[in-house]
Structure formats: C-alpha cells, structure tokens
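The file run.txt contains compact mmCIF, C-alpha atoms and all ligand atoms:
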# COMPACT_ATOMS: atom_id res chain seq x y z
CA MET A 451 0.00 0.00 0.00
CA SER A 452 1.62 3.27 -1.03
CA THR A 453 -0.94 5.46 0.76
CA TRP A 454 -0.39 4.22 4.29
CA ASP A 455 -0.93 6.62 7.15
CA ALA A 456 2.41 6.44 8.98
CA GLY A 457 0.98 8.45 11.92
CA LEU A 458 -1.95 6.04 12.51
CA TYR A 459 0.49 3.12 12.14
CA LYS A 460 2.88 4.39 14.81
CA ASP A 461 0.13 5.62 17.14
CA GLN A 462 -2.33 2.70 17.09
CA HIS A 463 -0.42 -0.25 15.64
CA SER A 464 3.06 -0.04 17.09
CA PHE A 465 2.66 -3.69 18.18
CA VAL A 466 3.71 -4.60 14.61
CA PHE A 467 7.29 -3.48 15.15
CA GLN A 468 7.23 -4.23 18.89
CA TYR A 469 6.49 -7.91 18.18
CA GLY A 470 8.98 -7.76 15.31
CA SER A 471 11.68 -7.03 17.85
CA ASP A 472 11.29 -10.60 19.13
CA LEU A 473 12.08 -11.89 15.62
CA LEU A 474 15.54 -10.35 15.93
CA SER A 475 16.45 -13.27 18.20
CA TRP A 476 16.27 -15.41 15.04
CA LEU A 477 18.31 -12.96 12.98
CA GLN A 478 21.12 -12.44 15.53
CA PRO A 479 22.76 -9.57 13.66
CA VAL A 480 26.50 -9.23 14.09
CA GLU A 481 28.70 -6.14 13.95
CA GLY A 482 30.00 -5.48 10.46
CA GLU A 483 27.27 -7.42 8.65
CA ARG A 484 25.28 -5.78 5.85
CA ILE A 485 21.57 -6.45 6.40
CA LEU A 486 18.46 -5.61 4.40
CA ASP A 487 15.12 -5.03 6.12
CA ALA A 488 12.57 -5.83 3.41
CA GLY A 489 9.35 -4.01 4.32
CA CYS A 490 10.81 -1.75 7.01
CA GLY A 491 7.71 0.43 7.53
CA THR A 492 8.58 3.41 9.71
CA GLY A 493 12.10 2.09 10.38
CA GLU A 494 12.07 1.10 14.07
CA LEU A 495 13.54 -2.37 13.44
CA VAL A 496 16.18 -0.96 11.07
CA ALA A 497 17.33 1.20 13.99
CA GLU A 498 17.24 -1.77 16.36
CA ILE A 499 19.29 -3.95 13.98
CA ALA A 500 21.74 -1.08 13.43
CA SER A 501 22.28 -0.86 17.21
CA SER A 502 23.99 -4.29 16.98
CA GLY A 503 26.73 -2.68 14.87
CA ALA A 504 25.43 -4.12 11.60
CA SER A 505 25.00 -1.79 8.64
CA VAL A 506 21.33 -1.86 7.62
CA LYS A 507 19.28 -0.74 4.65
CA GLY A 508 15.48 -0.53 4.89
CA ILE A 509 13.18 -0.73 1.91
CA ASP A 510 9.41 -0.33 1.80
CA GLN A 511 6.90 0.06 -0.99
CA SER A 512 5.15 2.88 0.84
CA ALA A 513 6.65 6.31 0.16
CA SER A 514 4.89 7.74 3.23
CA MET A 515 6.41 5.08 5.50
CA ILE A 516 9.87 5.75 4.05
CA ARG A 517 9.41 9.51 4.51
CA SER A 518 8.55 8.89 8.17
CA ALA A 519 11.53 6.51 8.58
CA LYS A 520 13.95 9.05 7.09
CA ALA A 521 12.56 11.83 9.29
CA HIS A 522 12.92 9.79 12.50
CA TYR A 523 16.25 8.13 11.69
CA PRO A 524 18.13 10.61 9.49
CA GLY A 525 21.44 8.73 9.85
CA LEU A 526 20.05 5.45 8.50
CA ASP A 527 19.67 4.17 4.97
CA PHE A 528 16.10 3.90 3.55
CA GLU A 529 14.69 3.59 0.05
CA THR A 530 11.24 3.15 -1.48
CA ALA A 531 11.17 -0.20 -3.29
CA ASP A 532 8.78 -3.04 -4.06
CA ILE A 533 9.94 -6.44 -2.72
CA ALA A 534 8.74 -8.26 -5.84
CA ASN A 535 10.65 -5.97 -8.19
CA PHE A 536 13.53 -4.25 -6.44
CA GLU A 537 17.03 -4.07 -7.86
CA LEU A 538 19.87 -3.07 -5.56
CA ASN A 539 23.47 -2.97 -6.59
CA GLU A 540 24.70 -4.98 -3.64
CA ARG A 541 24.32 -8.36 -1.96
CA PHE A 542 23.54 -8.79 1.75
CA ASP A 543 24.73 -11.06 4.55
CA ALA A 544 21.15 -11.36 5.77
CA ILE A 545 17.64 -10.25 4.86
CA PHE A 546 15.02 -9.63 7.51
CA SER A 547 11.31 -9.15 6.86
CA ASN A 548 8.60 -8.58 9.44
CA ALA A 549 4.83 -8.44 8.77
CA THR A 550 5.26 -7.63 5.10
CA LEU A 551 5.27 -10.66 2.83
CA HIS A 552 1.52 -11.27 3.24
CA TRP A 553 1.03 -8.05 1.23
CA VAL A 554 3.07 -9.36 -1.68
CA ARG A 555 0.90 -11.26 -4.10
CA GLU A 556 3.76 -12.05 -6.46
CA LYS A 557 5.21 -14.42 -3.90
CA GLU A 558 7.48 -16.34 -6.28
CA LYS A 559 8.97 -13.11 -7.62
CA ALA A 560 9.50 -11.83 -4.09
CA ALA A 561 11.25 -15.06 -3.04
CA ALA A 562 13.47 -14.89 -6.15
CA GLN A 563 14.40 -11.26 -5.41
CA LEU A 564 15.24 -12.03 -1.79
CA PHE A 565 17.37 -14.99 -2.89
CA LYS A 566 19.17 -12.93 -5.52
CA HIS A 567 20.03 -10.13 -3.09
CA LEU A 568 21.72 -12.46 -0.60
CA LYS A 569 25.38 -13.40 -0.67
CA PRO A 570 26.07 -17.15 -0.83
CA GLY A 571 25.64 -18.40 2.73
CA GLY A 572 23.34 -15.44 3.49
CA ARG A 573 20.32 -15.95 5.67
CA LEU A 574 16.67 -14.97 5.39
CA VAL A 575 14.60 -14.44 8.55
CA LEU A 576 10.95 -13.58 8.07
CA GLU A 577 7.64 -13.41 9.86
CA MET A 578 4.29 -12.94 8.16
CA GLY A 579 0.62 -13.78 8.58
CA GLY A 580 0.16 -17.55 8.30
CA LYS A 581 -2.84 -19.67 7.32
CA ASN A 582 -6.11 -18.37 8.87
CA ASN A 583 -4.46 -15.18 10.07
CA VAL A 584 -7.07 -12.62 11.24
CA ALA A 585 -9.83 -15.03 10.15
CA GLY A 586 -12.21 -13.55 12.74
CA ILE A 587 -11.84 -10.13 11.12
CA THR A 588 -12.07 -11.31 7.52
CA GLN A 589 -15.10 -13.55 8.18
CA ALA A 590 -16.98 -10.75 9.93
CA LEU A 591 -16.01 -8.30 7.19
CA GLU A 592 -17.24 -10.69 4.51
CA LYS A 593 -20.65 -10.94 6.24
CA ALA A 594 -20.87 -7.18 6.77
CA MET A 595 -19.97 -6.47 3.14
CA ALA A 596 -22.57 -8.98 1.93
CA LYS A 597 -25.23 -7.27 4.06
CA TYR A 598 -24.56 -4.05 2.12
CA GLY A 599 -24.41 -5.78 -1.26
CA HIS A 600 -20.62 -5.95 -1.65
CA GLN A 601 -18.57 -9.01 -2.39
CA TYR A 602 -15.54 -9.62 -0.20
CA LYS A 603 -12.47 -10.61 -2.19
CA PRO A 604 -9.48 -12.00 -0.30
CA PHE A 605 -6.56 -9.63 -0.55
CA TRP A 606 -3.73 -10.82 1.67
CA TYR A 607 -1.64 -13.93 1.25
CA PHE A 608 -1.59 -16.07 4.40
CA PRO A 609 0.11 -19.33 3.45
CA SER A 610 0.42 -22.59 5.35
CA VAL A 611 3.82 -23.87 6.40
CA ALA A 612 3.82 -26.31 3.49
CA GLU A 613 2.88 -23.67 0.90
CA TYR A 614 5.43 -21.09 1.94
CA THR A 615 8.36 -23.40 2.53
CA THR A 616 7.71 -24.74 -0.99
CA VAL A 617 7.82 -21.19 -2.41
CA LEU A 618 11.16 -20.61 -0.68
CA GLU A 619 12.61 -23.98 -1.69
CA ASN A 620 11.58 -23.42 -5.30
CA ALA A 621 13.48 -20.11 -5.19
CA GLY A 622 16.60 -22.00 -4.06
CA PHE A 623 16.51 -21.52 -0.28
CA ARG A 624 17.26 -24.22 2.25
CA VAL A 625 14.65 -23.81 4.99
CA ASN A 626 16.08 -24.67 8.39
CA ARG A 627 13.51 -23.50 10.94
CA VAL A 628 9.76 -22.84 10.83
CA HIS A 629 7.25 -21.86 13.51
CA TYR A 630 3.51 -21.40 13.01
CA PHE A 631 1.78 -20.04 16.09
CA ASP A 632 -1.16 -18.04 17.46
CA ARG A 633 -0.57 -14.50 18.61
CA GLU A 634 -3.77 -12.99 19.88
CA THR A 635 -3.10 -9.27 19.77
CA THR A 636 -4.82 -6.69 21.96
CA LEU A 637 -5.66 -3.59 19.95
CA LYS A 638 -4.93 -0.21 21.44
CA ASP A 639 -8.31 1.45 20.91
CA SER A 640 -10.59 -0.31 23.41
CA ASP A 641 -13.74 1.28 21.92
CA ASN A 642 -13.12 0.88 18.20
CA GLY A 643 -10.06 -1.35 17.85
CA ILE A 644 -11.40 -3.40 14.95
CA ILE A 645 -12.57 -0.31 13.07
CA ARG A 646 -9.18 1.38 13.56
CA TRP A 647 -7.41 -1.82 12.43
CA LEU A 648 -9.48 -1.99 9.24
CA GLU A 649 -8.99 1.72 8.59
CA MET A 650 -5.24 1.19 8.81
CA PHE A 651 -4.82 -2.12 7.01
CA GLY A 652 -8.04 -2.73 5.05
CA SER A 653 -8.54 0.44 3.00
CA HIS A 654 -8.41 -1.59 -0.25
CA PHE A 655 -11.76 -3.22 0.67
CA PHE A 656 -13.48 0.19 0.60
CA VAL A 657 -12.16 1.72 -2.60
CA ASN A 658 -14.92 3.52 -4.54
CA MET A 659 -17.42 2.98 -1.73
CA ALA A 660 -19.58 5.83 -0.41
CA ALA A 661 -18.37 7.10 2.99
CA ASP A 662 -21.62 6.27 4.81
CA GLU A 663 -21.62 2.72 3.47
CA ARG A 664 -17.99 2.26 4.47
CA THR A 665 -18.82 3.45 7.99
CA ALA A 666 -21.81 1.11 8.19
CA ILE A 667 -19.68 -1.89 7.09
CA LEU A 668 -16.92 -1.07 9.56
CA GLU A 669 -19.42 -0.76 12.42
CA GLU A 670 -21.23 -3.96 11.42
CA THR A 671 -17.93 -5.88 11.21
CA GLN A 672 -16.98 -4.80 14.70
CA ARG A 673 -20.49 -5.55 16.02
CA LEU A 674 -20.34 -9.09 14.61
CA MET A 675 -17.02 -9.66 16.35
CA GLU A 676 -18.16 -8.45 19.76
CA PRO A 677 -19.12 -11.89 21.21
CA THR A 678 -15.85 -13.56 20.23
CA HIS A 679 -13.18 -10.85 19.99
CA HIS A 680 -14.04 -8.35 22.71
CA ARG A 681 -12.77 -9.48 26.09
CA ASN A 682 -12.30 -7.58 29.36
CA GLY A 683 -13.08 -4.34 27.55
CA LYS A 684 -10.42 -4.89 24.87
CA TRP A 685 -10.56 -5.81 21.20
CA ILE A 686 -8.48 -8.81 20.12
CA ALA A 687 -7.11 -9.50 16.64
CA ASP A 688 -6.59 -13.21 15.99
CA TYR A 689 -3.13 -13.12 14.48
CA LYS A 690 -1.43 -16.34 13.35
CA ARG A 691 2.25 -16.01 12.59
CA LEU A 692 4.46 -17.90 10.21
CA ARG A 693 8.12 -17.49 11.10
CA VAL A 694 10.86 -18.90 8.88
CA SER A 695 14.64 -19.00 8.88
CA ALA A 696 16.25 -20.06 5.60
CA VAL A 697 19.64 -19.89 3.99
CA LYS A 698 21.07 -19.37 0.51
CA ALA A 699 23.43 -22.33 0.61
CA SER A 700 27.02 -21.39 -0.24
CA ALA A 701 27.01 -23.45 -3.42
CA SER A 702 24.02 -21.45 -4.79
CA LEU A 703 24.63 -18.71 -7.36
C1 LIG B 801 -0.38 -9.12 9.86
O1 LIG B 801 0.65 -8.62 10.32
O2 LIG B 801 -0.64 -10.31 10.02
C2 LIG B 801 -1.33 -8.30 9.05
C3 LIG B 801 -1.28 -6.93 9.12
C4 LIG B 801 -2.12 -6.19 8.36
C5 LIG B 801 -3.04 -6.79 7.54
C6 LIG B 801 -3.09 -8.15 7.47
C7 LIG B 801 -2.24 -8.91 8.24
Could you express the structure from this file as structure tokens?
Ligand code: BEZ
Amino acid sequence: MSTWDAGLYKDQHSFVFQYGSDLLSWLQPVEGERILDAGCGTGELVAEIASSGASVKGIDQSASMIRSAKAHYPGLDFETADIANFELNERFDAIFSNATLHWVREKEKAAAQLFKHLKPGGRLVLEMGGKNNVAGITQALEKAMAKYGHQYKPFWYFPSVAEYTTVLENAGFRVNRVHYFDRETTLKDSDNGIIRWLEMFGSHFFVNMAADERTAILEETQRLMEPTHHRNGKWIADYKRLRVSAVKASASL
C-alpha cells in the first residue's frame, strides 16, 4: 500500500514493530554485517538492527512510510522499493522481513528477489501472517460487506507452512527452521479497535465505496465480532504467525 498513514500506524499499531523485535532473536545480527530489512515500515527495526553494529538498509513500498523513517532516523539508509521488483546494486549477509510478505501477491517473484540479493551463505529471517491469520476479522467483514451488497475478495496472502516453505525452496533456499503459532493481539483502541485496524490495514476493501456505506460496514464488522473478539473491555485480533529462517546455501549462485 503506497498510501499508508504512517501516523496512525505508529500511534495505534506499534505492536507490529514491537512484536517484530522478538524476531531479531532469530536474525542475531552481528557487527559489520550488511543487512536488508525488506518491508521496514517506519524504520524502528532498522534502527534496532543497526544498534547491533550491523550496517542496515530498509526498503518499503510505501513512500509515506519511508518519509517517516527518514525523518525519525536521518542517519540510516532507507529507500522506497517493491519487494517483488527491487534491484539493488549490492548483496547482503542477511535479509530480515517482518509483517510484510503477506502483502506481496507475487510471492514467487519476491522469493526470487530475496534470494538474488543475498550473498552465498546469506540468511533470510521472516515473519508474516500464516494460514487463517485474522480469520475472525475477515469472516466478519465478509458478512458485513454482503449485508450491504458488496462481495468480499481475499486480498492478503496467508500461506500454510507447506505452501510457503515450498515457495522458498523453489526459489533455491534451504529452509532450516519454521514456527507457526497463534498470537492474539490486543488492539490499542478499546472502543473501536477493529474499526481502527481496518482503517489502517483494510482500506483496499473500501475503494470507490460511499463514505456512509464504508462506515456502516466497519461498524457492522466490529459488532459481529463483539461476542468472540471483545474481552475484558479490549478488542483482540486473531493473528497467526508464520516465522521462517532459511539460507542461501554457499554453493548457490
Ligand atoms: C499481519 O501482520 O498479520 C497483518 C497486518 C495487516 C493486515 C493483514 C495482516
């Protein structure tokens, strides 16, 4: 999404990069390494990786996210680029990607690009939405859209372990570690957490829709989720994470 609201992201959805911090235990960056953060958003994890002494570049398809990253971390290296099509004139010791690859529909192209931009022996550490990620939200949204005469079309790519490890293996990677796990996530806005989440991440579902209809669908989606996803006064998003560590074996070109 190139029109992301970086302010809403940092204010209401900072859990995305806060959880991403935990993924750094799989990356284990080392001083002197050159690392690419593919889908760096507003740059917080680029800064965290850089604090290990590694030299880091962050890329993101969203120009507004990259503008925010450059403004907050003026000493760090950021560029607007699409993971499925980017072309950098260097090869990295490691590539890191948090909460991004489920936006990339051209998954084979993305895997090929990530593979190409690694040095032989380089490692890939990623986390993304896995099978049935945010199913509570998408099922409620589908019902709410149908009520107002709109057809819900799946947009994100939430693969199973088998599907995504196959994509990576076909690109040439050797997959050496995979976790698929639930991460129920408490949303910051206790009144309208689901509505805020959809405003941030689901704007593509509402393109060309009248504002009052969009509001009605958002409210209906949240209402439908109340019995199952509103607990102790808080809204819960039913995240399911797919975490993978893979390597470009030294013999690969
Ligand atoms: C996720 O991180 O799983 C996610 C974020 C936004 C939209 C869809 C999924």
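Considering the residues A:Thr636, A:Ser471, A:Asn582, A:Ser695 and counting all atoms listed in the file, ligand LIG 801 (chain B) has its shortest atom-to-atom contact with A:Asn582.
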Closest of A:Glu649, A:Glu669, A:Glu498, A:Glu481 to ligand LIG 801 (chain B) - atom-to-atom distances counting all atoms listed in the file: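 Under the stated criterion, the closest residue is A:Glu649.
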Let me see if you get this right: every residue at most 6 Å from ligand LIG 801 (chain B), counting all atoms listed in the file, written as a tab-separated table (two decimals) with C-alpha atoms, in the frame of the given file.
chain	number	residue	atom	x	y	z
A	549	ALA	CA	4.83	-8.44	8.77
A	578	MET	CA	4.29	-12.94	8.16
A	579	GLY	CA	0.62	-13.78	8.58
A	651	PHE	CA	-4.82	-2.12	7.01
A	689	TYR	CA	-3.13	-13.12	14.48
For Ile545 (chain A), list every protein, DNA or RNA residue within 8 Å, evaluated using all atoms listed in the file, and leave out those in the same chain fewer than 5 positions away; present the list as an MDAnalysis selection string. chainID A and resid 485:488 564 568 572:575
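Those residues that approach Ala701 (chain A) to within 12 Å, counting only C-alpha atoms, are Lys569, Pro570, Gly571, Gly572, Gly622, Phe623 and Arg624 of chain A; same-chain residues fewer than 5 positions away are not listed.
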Using all atoms listed in the file, which residues sit within 12 Å of Ser502 (chain A) once same-chain residues fewer than 4 positions away are excluded, as number ranges by chain? A: 474-475, 477-485, 495-498, 506
Output C-alpha atoms for every residue in that selection, as a compact mmCIF listing (two decimals), in the coordinates of the input.
# COMPACT_ATOMS: atom_id res chain seq x y z
CA LEU A 474 15.54 -10.35 15.93
CA SER A 475 16.45 -13.27 18.20
CA LEU A 477 18.31 -12.96 12.98
CA GLN A 478 21.12 -12.44 15.53
CA PRO A 479 22.76 -9.57 13.66
CA VAL A 480 26.50 -9.23 14.09
CA GLU A 481 28.70 -6.14 13.95
CA GLY A 482 30.00 -5.48 10.46
CA GLU A 483 27.27 -7.42 8.65
CA ARG A 484 25.28 -5.78 5.85
CA ILE A 485 21.57 -6.45 6.40
CA LEU A 495 13.54 -2.37 13.44
CA VAL A 496 16.18 -0.96 11.07
CA ALA A 497 17.33 1.20 13.99
CA GLU A 498 17.24 -1.77 16.36
CA VAL A 506 21.33 -1.86 7.62
Between CA of Tyr469 (chain A) and CA of Met675 (chain A) - distance in Å to one decimal: 23.6 Å
